[in-house]
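Here's start-v4.txt, which has compact mmCIF, C-alpha atoms:
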# COMPACT_ATOMS: atom_id res chain seq x y z
CA MET W 1 70.74 134.27 144.90
CA LYS W 2 67.96 131.71 145.18
CA HIS W 3 65.80 130.09 142.53
CA TYR W 4 62.37 128.57 143.21
CA LEU W 5 62.14 125.59 140.88
CA GLN W 6 60.53 123.07 143.22
CA PHE W 7 59.11 123.10 146.74
CA ASN W 8 62.32 121.73 148.25
CA ASP W 9 64.27 124.82 147.20
CA LEU W 10 63.26 126.56 150.44
CA SER W 11 63.45 125.41 154.08
CA ALA W 12 60.65 125.03 156.61
CA ASP W 13 61.90 128.17 158.33
CA GLU W 14 61.76 130.12 155.08
CA TYR W 15 58.21 128.92 154.48
CA ALA W 16 57.19 130.06 157.95
CA TYR W 17 58.49 133.52 157.05
CA LEU W 18 56.75 133.50 153.64
CA PHE W 19 53.37 132.55 155.12
CA GLU W 20 53.67 135.28 157.72
CA ARG W 21 54.74 137.78 155.08
CA ALA W 22 51.95 136.75 152.69
CA ALA W 23 49.39 137.35 155.45
CA LEU W 24 50.73 140.87 155.98
CA ILE W 25 50.82 141.64 152.25
CA LYS W 26 47.25 140.34 151.84
CA LYS W 27 46.07 142.43 154.80
CA LYS W 28 47.54 145.55 153.18
CA PHE W 29 45.93 144.66 149.84
CA LYS W 30 42.50 144.31 151.46
CA ALA W 31 42.95 147.66 153.24
CA TYR W 32 44.03 149.40 149.99
CA GLU W 33 47.42 150.21 151.52
CA LYS W 34 50.27 150.69 149.05
CA HIS W 35 53.10 148.19 149.32
CA HIS W 36 55.81 149.01 146.77
CA PRO W 37 59.08 147.32 147.78
CA LEU W 38 59.92 146.39 144.17
CA VAL W 39 59.82 149.83 142.55
CA ASP W 40 61.97 149.87 139.38
CA ARG W 41 62.22 146.05 139.38
CA THR W 42 61.08 144.07 136.36
CA LEU W 43 59.63 140.57 136.14
CA ALA W 44 59.87 138.62 132.88
CA MET W 45 57.07 136.07 132.49
CA ILE W 46 57.75 133.33 129.96
CA PHE W 47 54.84 131.12 128.92
CA GLU W 48 55.27 127.96 126.90
CA LYS W 49 52.02 126.70 128.48
CA ALA W 50 49.03 129.02 128.40
CA SER W 51 47.58 130.24 131.67
CA THR W 52 44.89 132.36 133.29
CA ARG W 53 45.60 132.26 137.02
CA THR W 54 49.39 132.16 136.72
CA ARG W 55 49.53 135.15 134.41
CA VAL W 56 47.02 137.30 136.31
CA SER W 57 48.44 136.47 139.74
CA PHE W 58 52.06 137.20 138.80
CA GLU W 59 51.34 140.21 136.61
CA ALA W 60 48.89 141.91 138.99
CA GLY W 61 51.10 140.97 141.94
CA MET W 62 54.24 142.52 140.45
CA TYR W 63 52.41 145.74 139.60
CA GLN W 64 51.03 145.87 143.14
CA LEU W 65 54.58 145.57 144.47
CA GLY W 66 55.51 148.66 142.42
CA GLY W 67 57.37 146.79 139.69
CA SER W 68 56.78 146.18 136.00
CA VAL W 69 56.25 143.11 133.83
CA VAL W 70 57.44 141.82 130.45
CA HIS W 71 55.23 139.06 129.03
CA LEU W 72 56.77 136.57 126.59
CA THR W 73 55.42 133.50 124.82
CA THR W 74 57.08 131.06 122.44
CA GLY W 75 55.27 132.82 119.60
CA ASP W 76 56.89 136.20 120.18
CA SER W 77 60.35 135.22 121.39
CA GLN W 78 63.27 133.02 120.37
CA LEU W 79 62.37 130.43 123.03
CA GLY W 80 60.19 128.59 120.55
CA ARG W 81 62.75 128.71 117.78
CA ALA W 82 66.40 127.83 117.33
CA GLU W 83 68.10 129.75 120.16
CA PRO W 84 69.42 127.53 122.97
CA ILE W 85 67.65 128.02 126.29
CA GLU W 86 70.97 128.82 127.90
CA ASP W 87 71.53 131.74 125.52
CA SER W 88 68.04 133.09 126.15
CA ALA W 89 68.73 132.94 129.88
CA ARG W 90 72.00 134.82 129.53
CA VAL W 91 70.30 137.62 127.57
CA ILE W 92 66.98 137.95 129.41
CA SER W 93 68.55 137.85 132.87
CA ARG W 94 70.75 140.84 131.99
CA MET W 95 67.65 142.96 131.33
CA VAL W 96 65.24 142.04 134.15
CA ASP W 97 65.40 141.36 137.88
CA LEU W 98 63.29 138.20 138.09
CA VAL W 99 62.03 135.50 135.71
CA MET W 100 58.93 133.31 135.98
CA ILE W 101 58.66 130.39 133.54
CA ARG W 102 55.66 128.15 132.84
CA THR W 103 56.77 125.32 130.61
CA TYR W 104 56.81 121.57 130.00
CA GLU W 105 59.90 119.66 131.15
CA GLN W 106 61.50 120.52 134.48
CA THR W 107 64.90 120.17 132.81
CA LYS W 108 64.09 123.18 130.62
CA ILE W 109 63.60 125.52 133.59
CA GLU W 110 66.67 124.06 135.29
CA ARG W 111 68.78 124.77 132.19
CA PHE W 112 67.50 128.34 132.12
CA ALA W 113 68.20 128.84 135.82
CA GLY W 114 71.68 127.42 135.39
CA GLN W 115 72.66 130.42 133.22
CA SER W 116 70.44 133.09 134.78
CA ARG W 117 71.91 136.02 136.69
CA VAL W 118 68.57 136.62 138.47
CA PRO W 119 66.16 134.41 140.45
CA VAL W 120 63.96 132.05 138.42
CA ILE W 121 60.50 130.91 139.58
CA ASN W 122 58.70 127.78 138.42
CA GLY W 123 55.20 128.86 137.32
CA LEU W 124 54.47 125.20 136.46
CA THR W 125 56.23 122.30 134.79
CA ASN W 126 55.11 118.76 134.01
CA GLU W 127 56.86 117.58 137.16
CA PHE W 128 56.22 120.28 139.80
CA HIS W 129 53.90 123.17 140.66
CA PRO W 130 55.40 124.75 143.80
CA CYS W 131 53.61 128.12 143.64
CA GLN W 132 50.22 126.39 143.69
CA ILE W 133 51.06 124.27 146.74
CA LEU W 134 52.47 127.39 148.40
CA ALA W 135 49.04 129.01 147.91
CA ASP W 136 47.16 125.89 149.01
CA ILE W 137 49.04 125.59 152.29
CA PHE W 138 48.66 129.30 152.98
CA THR W 139 44.92 128.93 152.39
CA PHE W 140 44.75 125.99 154.79
CA ILE W 141 46.60 128.02 157.44
CA GLU W 142 44.15 130.91 156.99
CA HIS W 143 41.16 128.65 157.59
CA ARG W 144 42.44 125.99 159.98
CA GLY W 145 45.79 127.05 161.40
CA SER W 146 49.05 125.11 161.10
CA ILE W 147 49.14 122.22 158.64
CA GLN W 148 51.75 120.37 160.71
CA GLY W 149 50.43 116.99 161.79
CA LYS W 150 47.39 117.19 159.49
CA THR W 151 46.36 114.83 156.70
CA VAL W 152 45.85 115.82 153.06
CA ALA W 153 43.98 113.44 150.74
CA TRP W 154 45.08 113.65 147.12
CA VAL W 155 42.49 112.06 144.82
CA GLY W 156 43.24 111.77 141.11
CA ASP W 157 46.22 111.94 138.79
CA GLY W 158 49.77 111.36 140.01
CA ASN W 159 50.84 114.63 138.41
CA ASN W 160 52.93 117.72 139.19
CA MET W 161 50.56 118.74 141.99
CA ALA W 162 50.78 115.33 143.66
CA ASN W 163 54.59 115.34 143.39
CA THR W 164 54.75 118.74 145.03
CA TRP W 165 52.38 117.76 147.84
CA LEU W 166 54.77 114.89 148.68
CA GLN W 167 57.69 117.29 148.92
CA ALA W 168 55.71 119.72 151.06
CA ALA W 169 54.54 116.99 153.45
CA ALA W 170 58.06 115.80 154.18
CA LEU W 171 59.34 119.34 154.65
CA LEU W 172 56.50 120.78 156.74
CA GLY W 173 55.53 117.75 158.80
CA PHE W 174 52.12 116.59 157.58
CA LYS W 175 50.82 113.48 155.80
CA VAL W 176 49.47 112.90 152.30
CA HIS W 177 47.06 110.08 151.45
CA VAL W 178 47.44 109.45 147.73
CA SER W 179 44.88 107.62 145.60
CA THR W 180 45.30 107.35 141.84
CA PRO W 181 43.95 104.92 139.23
CA ARG W 182 46.21 102.08 138.19
CA GLY W 183 48.64 103.30 135.56
CA TYR W 184 48.49 106.92 136.74
CA GLU W 185 50.49 106.59 139.94
CA ILE W 186 53.00 109.11 141.23
CA ASP W 187 56.51 108.60 139.88
CA GLU W 188 57.76 107.95 143.38
CA LYS W 189 61.41 107.82 142.43
CA MET W 190 61.23 111.22 140.78
CA ALA W 191 59.23 112.87 143.57
CA VAL W 192 61.28 111.31 146.34
CA GLY W 193 64.59 111.75 144.56
CA ALA W 194 63.88 115.43 144.06
CA GLY W 195 64.46 116.12 147.70
CA GLY W 196 64.62 113.11 149.93
CA THR W 197 60.90 112.86 150.68
CA SER W 198 60.31 110.86 153.84
CA ALA W 199 58.39 107.64 153.17
CA GLY W 200 56.52 108.17 156.45
CA SER W 201 54.93 111.36 155.18
CA TYR W 202 52.72 109.70 152.55
CA GLN W 203 50.64 106.58 152.04
CA PHE W 204 49.06 105.09 148.93
CA PHE W 205 45.45 103.89 148.72
CA SER W 206 43.84 102.02 145.84
CA ASN W 207 40.41 103.12 147.08
CA PRO W 208 39.91 106.91 147.00
CA LEU W 209 37.24 106.73 149.70
CA GLU W 210 39.76 105.16 152.08
CA ALA W 211 42.28 107.88 151.24
CA CYS W 212 39.76 110.49 152.40
CA GLN W 213 39.15 108.83 155.77
CA GLY W 214 39.95 111.33 158.52
CA ALA W 215 41.52 113.84 156.12
CA ASP W 216 41.74 117.51 157.07
CA LEU W 217 41.92 118.54 153.42
CA VAL W 218 40.67 116.78 150.28
CA THR W 219 42.14 118.05 147.03
CA THR W 220 42.24 117.08 143.38
CA ASP W 221 43.03 118.32 139.88
CA VAL W 222 41.74 117.82 136.34
CA TRP W 223 42.04 114.32 134.99
CA THR W 224 43.79 115.50 131.84
CA SER W 225 46.51 118.06 132.41
CA MET W 226 47.77 120.37 129.67
CA GLY W 227 49.91 118.45 127.21
CA TYR W 228 48.03 115.15 127.70
CA GLU W 229 44.89 116.00 125.72
CA ALA W 230 45.35 112.99 123.41
CA GLU W 231 44.73 110.72 126.41
CA ASN W 232 41.49 112.46 127.41
CA GLU W 233 38.98 109.71 126.59
CA ALA W 234 41.12 106.95 128.10
CA ARG W 235 41.60 109.04 131.24
CA LYS W 236 37.86 109.64 131.63
CA LYS W 237 37.30 105.88 131.76
CA ALA W 238 40.23 105.18 134.08
CA PHE W 239 39.35 107.99 136.52
CA ALA W 240 35.59 107.36 136.70
CA ASP W 241 35.75 106.30 140.37
CA TRP W 242 38.07 109.17 141.35
CA CYS W 243 35.47 111.95 141.31
CA VAL W 244 35.45 113.76 144.64
CA ASP W 245 31.84 113.59 145.82
CA ALA W 246 29.79 114.08 148.98
CA GLU W 247 30.56 110.55 150.17
CA MET W 248 34.32 111.21 150.05
CA MET W 249 33.91 114.52 151.90
CA ALA W 250 31.75 112.77 154.51
CA ALA W 251 34.57 110.28 155.07
CA ALA W 252 36.95 113.13 155.84
CA ARG W 253 36.87 115.10 159.08
CA PRO W 254 33.68 117.14 159.65
CA ASP W 255 35.66 120.38 159.26
CA ALA W 256 37.68 119.19 156.25
CA LEU W 257 38.32 121.65 153.45
CA PHE W 258 38.13 121.00 149.71
CA MET W 259 40.63 122.51 147.26
CA HIS W 260 41.17 122.44 143.51
CA CYS W 261 43.83 124.43 141.63
CA LEU W 262 41.37 125.17 138.79
CA PRO W 263 40.14 125.16 136.09
CA ALA W 264 37.64 122.53 137.26
CA HIS W 265 35.31 120.24 135.35
CA ARG W 266 32.20 119.69 137.46
CA GLY W 267 30.97 116.13 137.12
CA GLU W 268 34.43 114.80 136.27
CA GLU W 269 37.11 115.17 138.96
CA VAL W 270 34.68 116.82 141.40
CA GLU W 271 30.93 117.01 141.83
CA ALA W 272 29.32 120.44 141.68
CA ASP W 273 27.88 120.16 145.20
CA VAL W 274 31.43 119.73 146.56
CA ILE W 275 33.29 122.48 144.71
CA ASP W 276 30.36 124.87 145.16
CA GLY W 277 29.60 123.66 148.67
CA PRO W 278 30.42 125.06 152.13
CA GLN W 279 33.66 123.10 152.57
CA SER W 280 35.17 124.43 149.33
CA VAL W 281 37.76 127.20 149.57
CA VAL W 282 38.79 127.20 145.90
CA TRP W 283 38.18 130.93 145.39
CA ASP W 284 40.31 131.90 148.38
CA GLU W 285 42.88 129.42 147.10
CA ALA W 286 42.93 131.05 143.65
CA GLU W 287 43.29 134.58 145.06
CA ASN W 288 46.04 133.47 147.40
CA ARG W 289 48.27 132.56 144.45
CA MET W 290 48.78 136.30 144.05
CA HIS W 291 49.52 137.01 147.71
CA VAL W 292 52.00 134.19 148.29
CA GLN W 293 53.76 134.93 145.01
CA LYS W 294 54.11 138.56 146.02
CA ALA W 295 55.77 137.40 149.24
CA LEU W 296 57.96 135.01 147.25
CA MET W 297 59.09 137.62 144.72
CA GLU W 298 59.82 140.11 147.49
CA TYR W 299 61.86 137.50 149.37
CA LEU W 300 63.85 136.34 146.35
CA LEU W 301 64.84 139.92 145.53
CA LEU W 302 65.14 141.57 148.94
CA GLY W 303 65.53 138.76 151.46
CA ARG W 304 63.83 138.96 154.83
CA ILE W 305 62.25 142.26 155.74
CA ALA W 306 62.08 142.97 159.46
For the file at hand, write its structure as structure tokens.
Amino acid sequence: MKHYLQFNDLSADEYAYLFERAALIKKKFKAYEKHHPLVDRTLAMIFEKASTRTRVSFEAGMYQLGGSVVHLTTGDSQLGRAEPIEDSARVISRMVDLVMIRTYEQTKIERFAGQSRVPVINGLTNEFHPCQILADIFTFIEHRGSIQGKTVAWVGDGNNMANTWLQAAALLGFKVHVSTPRGYEIDEKMAVGAGGTSAGSYQFFSNPLEACQGADLVTTDVWTSMGYEAENEARKKAFADWCVDAEMMAAARPDALFMHCLPAHRGEEVEADVIDGPQSVVWDEAENRMHVQKALMEYLLLGRIA
């Protein structure tokens, strides 16, 4: 049994399979072909952080695979009350086949997985967001081919997305140029310690424009992630020069793509003419959450399908 709690939980070979499988599953979806390998399987989705894309992509995806879904929040379950996480895991995992959790601390999902009898998927934590990077890389492959040897520019907060990009770069053989404001850097020890990230796979830049030089992909996220709303005004001031604009995209390669995990705030972390421009693939990226997660759920429950 495998869990998917961070990007390093799978190997490069397993990712090659997942990307190939996601392409097939997406092709069937577009052709209105039924693909029901998970008939009579049930996914429990546990949300301590609210979501639009995560809920829709997992719920629609599981139904499309022939399975069913149980949706839980802290308001309608014991997770937000006195029951230990470990006890919730022991109970829930006896009743379903797969669990997706979107929560705050990574330790919380690790504690749940430690007592779960079924695979657990990280739908987002403060530290990592592996399903999003899975979708982002699949989207890059769709548009530009292999990401190996390419350069990704991360402009903005040193958050869960940035941490996961570092893991992915070391594992899949590409580079990440990271530029964050002072005081909002990546927790390098945590990101590196999570899986032995190679120092040669990433480089830090104090100037975001320099980070974008020659990049094949420029990507960012909101300046204030969920749970940090109290810092919003301070972050707006600190991040003022980290808005992805036309000048940054011009510094990247002529065929560079732009990505954003959404929701986006035009005029803050990205200018409207970039996210709505010809280099943006954010809508493909959003849809691909569903397709890669379908491939992931299928793999965690059934293994490789010939």
- Message: Nearest residue to Lys189 in chain W out of W:Gly173, W:Leu217, W:Thr224, W:Glu127, using all atoms listed in the file?
- Response: W:Glu127
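Separating CA of Lys294 in chain W from CA of Met62 in chain W is a distance of 6.8 Å.
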- Query: Leaving out Val178 in chain W and any residue of its chain fewer than 2 positions from it, which residues lie within 12 Å of it when counting all atoms listed in the file, given as JSON, numbers by chain?
  - Reply: {"W": [151, 152, 153, 154, 155, 156, 157, 158, 159, 161, 162, 163, 165, 166, 169, 175, 176, 180, 181, 184, 185, 186, 188, 201, 202, 203, 204, 205, 206, 207, 208, 209, 210, 211, 212, 213, 215, 218, 219, 220, 242]}
Report as a Markdown table: every residue of range 145-196 of chain W with an atom at most 12 Å from range 9-21 of chain W, its closest pair of atoms, and their distance in Å to one decimal, counting all atoms listed in the file, with rows sorted by chain and ascending residue number.
| residue | atom | partner | partner_atom | distance |
| --- | --- | --- | --- | --- |
| W:Gly145 | CA | W:Phe19 | CA | 11.3 |
| W:Ser146 | CA | W:Ala16 | CA | 10.0 |
| W:Ile147 | CA | W:Ala16 | CA | 11.3 |
| W:Gln148 | CA | W:Ala12 | CA | 10.9 |
| W:Thr164 | CA | W:Asp9 | CA | 11.5 |
| W:Gln167 | CA | W:Asp9 | CA | 10.1 |
| W:Ala168 | CA | W:Ala12 | CA | 9.1 |
| W:Ala169 | CA | W:Ala12 | CA | 10.6 |
| W:Ala170 | CA | W:Ala12 | CA | 9.9 |
| W:Leu171 | CA | W:Ala12 | CA | 6.2 |
| W:Leu172 | CA | W:Ala12 | CA | 5.9 |
| W:Gly173 | CA | W:Ala12 | CA | 9.2 |
| W:Ala194 | CA | W:Asp9 | CA | 9.9 |
| W:Gly195 | CA | W:Asp9 | CA | 8.7 |
- Message: Just the number, please: distance in Å from CA of Gly123 in chain W to CA of Ala295 in chain W, one decimal.
- Response: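 One can read the CA of Gly123 in chain W to CA of Ala295 in chain W distance as 14.7 Å.
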Since the input lacks some atoms of range 231-255 of chain W, please model N, CA and C atoms and print them as a compact mmCIF listing (two decimals), in the frame of the given file.
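The result, written out as result.txt:
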# COMPACT_ATOMS: atom_id res chain seq x y z
N GLU W 231 45.12 111.82 125.53
CA GLU W 231 44.73 110.72 126.41
C GLU W 231 43.36 110.96 127.06
N ASN W 232 42.67 112.01 126.68
CA ASN W 232 41.49 112.46 127.41
C ASN W 232 40.43 111.38 127.57
N GLU W 233 40.05 110.71 126.51
CA GLU W 233 38.98 109.71 126.59
C GLU W 233 39.39 108.51 127.44
N ALA W 234 40.63 108.08 127.28
CA ALA W 234 41.12 106.95 128.10
C ALA W 234 41.16 107.34 129.57
N ARG W 235 41.54 108.57 129.85
CA ARG W 235 41.60 109.04 131.24
C ARG W 235 40.20 109.12 131.85
N LYS W 236 39.22 109.55 131.10
CA LYS W 236 37.86 109.64 131.63
C LYS W 236 37.37 108.27 132.11
N LYS W 237 37.70 107.23 131.36
CA LYS W 237 37.30 105.88 131.76
C LYS W 237 38.08 105.42 132.99
N ALA W 238 39.39 105.65 132.98
CA ALA W 238 40.23 105.18 134.08
C ALA W 238 39.92 105.89 135.39
N PHE W 239 39.53 107.17 135.32
CA PHE W 239 39.35 107.99 136.52
C PHE W 239 37.90 108.04 137.00
N ALA W 240 37.02 107.26 136.40
CA ALA W 240 35.59 107.36 136.70
C ALA W 240 35.27 107.27 138.19
N ASP W 241 36.02 106.47 138.94
CA ASP W 241 35.75 106.30 140.37
C ASP W 241 36.53 107.30 141.23
N TRP W 242 37.24 108.21 140.61
CA TRP W 242 38.07 109.17 141.35
C TRP W 242 37.48 110.58 141.29
N CYS W 243 36.17 110.67 141.24
CA CYS W 243 35.47 111.95 141.31
C CYS W 243 35.19 112.27 142.76
N VAL W 244 35.69 113.39 143.24
CA VAL W 244 35.45 113.76 144.64
C VAL W 244 33.97 114.14 144.80
N ASP W 245 33.28 113.36 145.63
CA ASP W 245 31.84 113.59 145.82
C ASP W 245 31.51 113.74 147.30
N ALA W 246 30.24 113.86 147.60
CA ALA W 246 29.79 114.08 148.98
C ALA W 246 30.19 112.93 149.89
N GLU W 247 30.19 111.71 149.36
CA GLU W 247 30.56 110.55 150.17
C GLU W 247 32.03 110.64 150.60
N MET W 248 32.91 111.07 149.70
CA MET W 248 34.32 111.21 150.05
C MET W 248 34.50 112.32 151.10
N MET W 249 33.80 113.43 150.93
CA MET W 249 33.91 114.52 151.90
C MET W 249 33.36 114.09 153.26
N ALA W 250 32.32 113.26 153.26
CA ALA W 250 31.75 112.77 154.51
C ALA W 250 32.72 111.83 155.23
N ALA W 251 33.58 111.16 154.47
CA ALA W 251 34.57 110.28 155.07
C ALA W 251 35.70 111.06 155.74
N ALA W 252 35.92 112.26 155.25
CA ALA W 252 36.95 113.13 155.84
C ALA W 252 36.45 113.69 157.16
N ARG W 253 37.29 114.47 157.82
CA ARG W 253 36.87 115.10 159.08
C ARG W 253 35.70 116.06 158.83
N PRO W 254 34.85 116.26 159.84
CA PRO W 254 33.68 117.14 159.65
C PRO W 254 34.05 118.56 159.21
N ASP W 255 35.24 119.03 159.63
CA ASP W 255 35.66 120.38 159.26
C ASP W 255 36.67 120.39 158.12
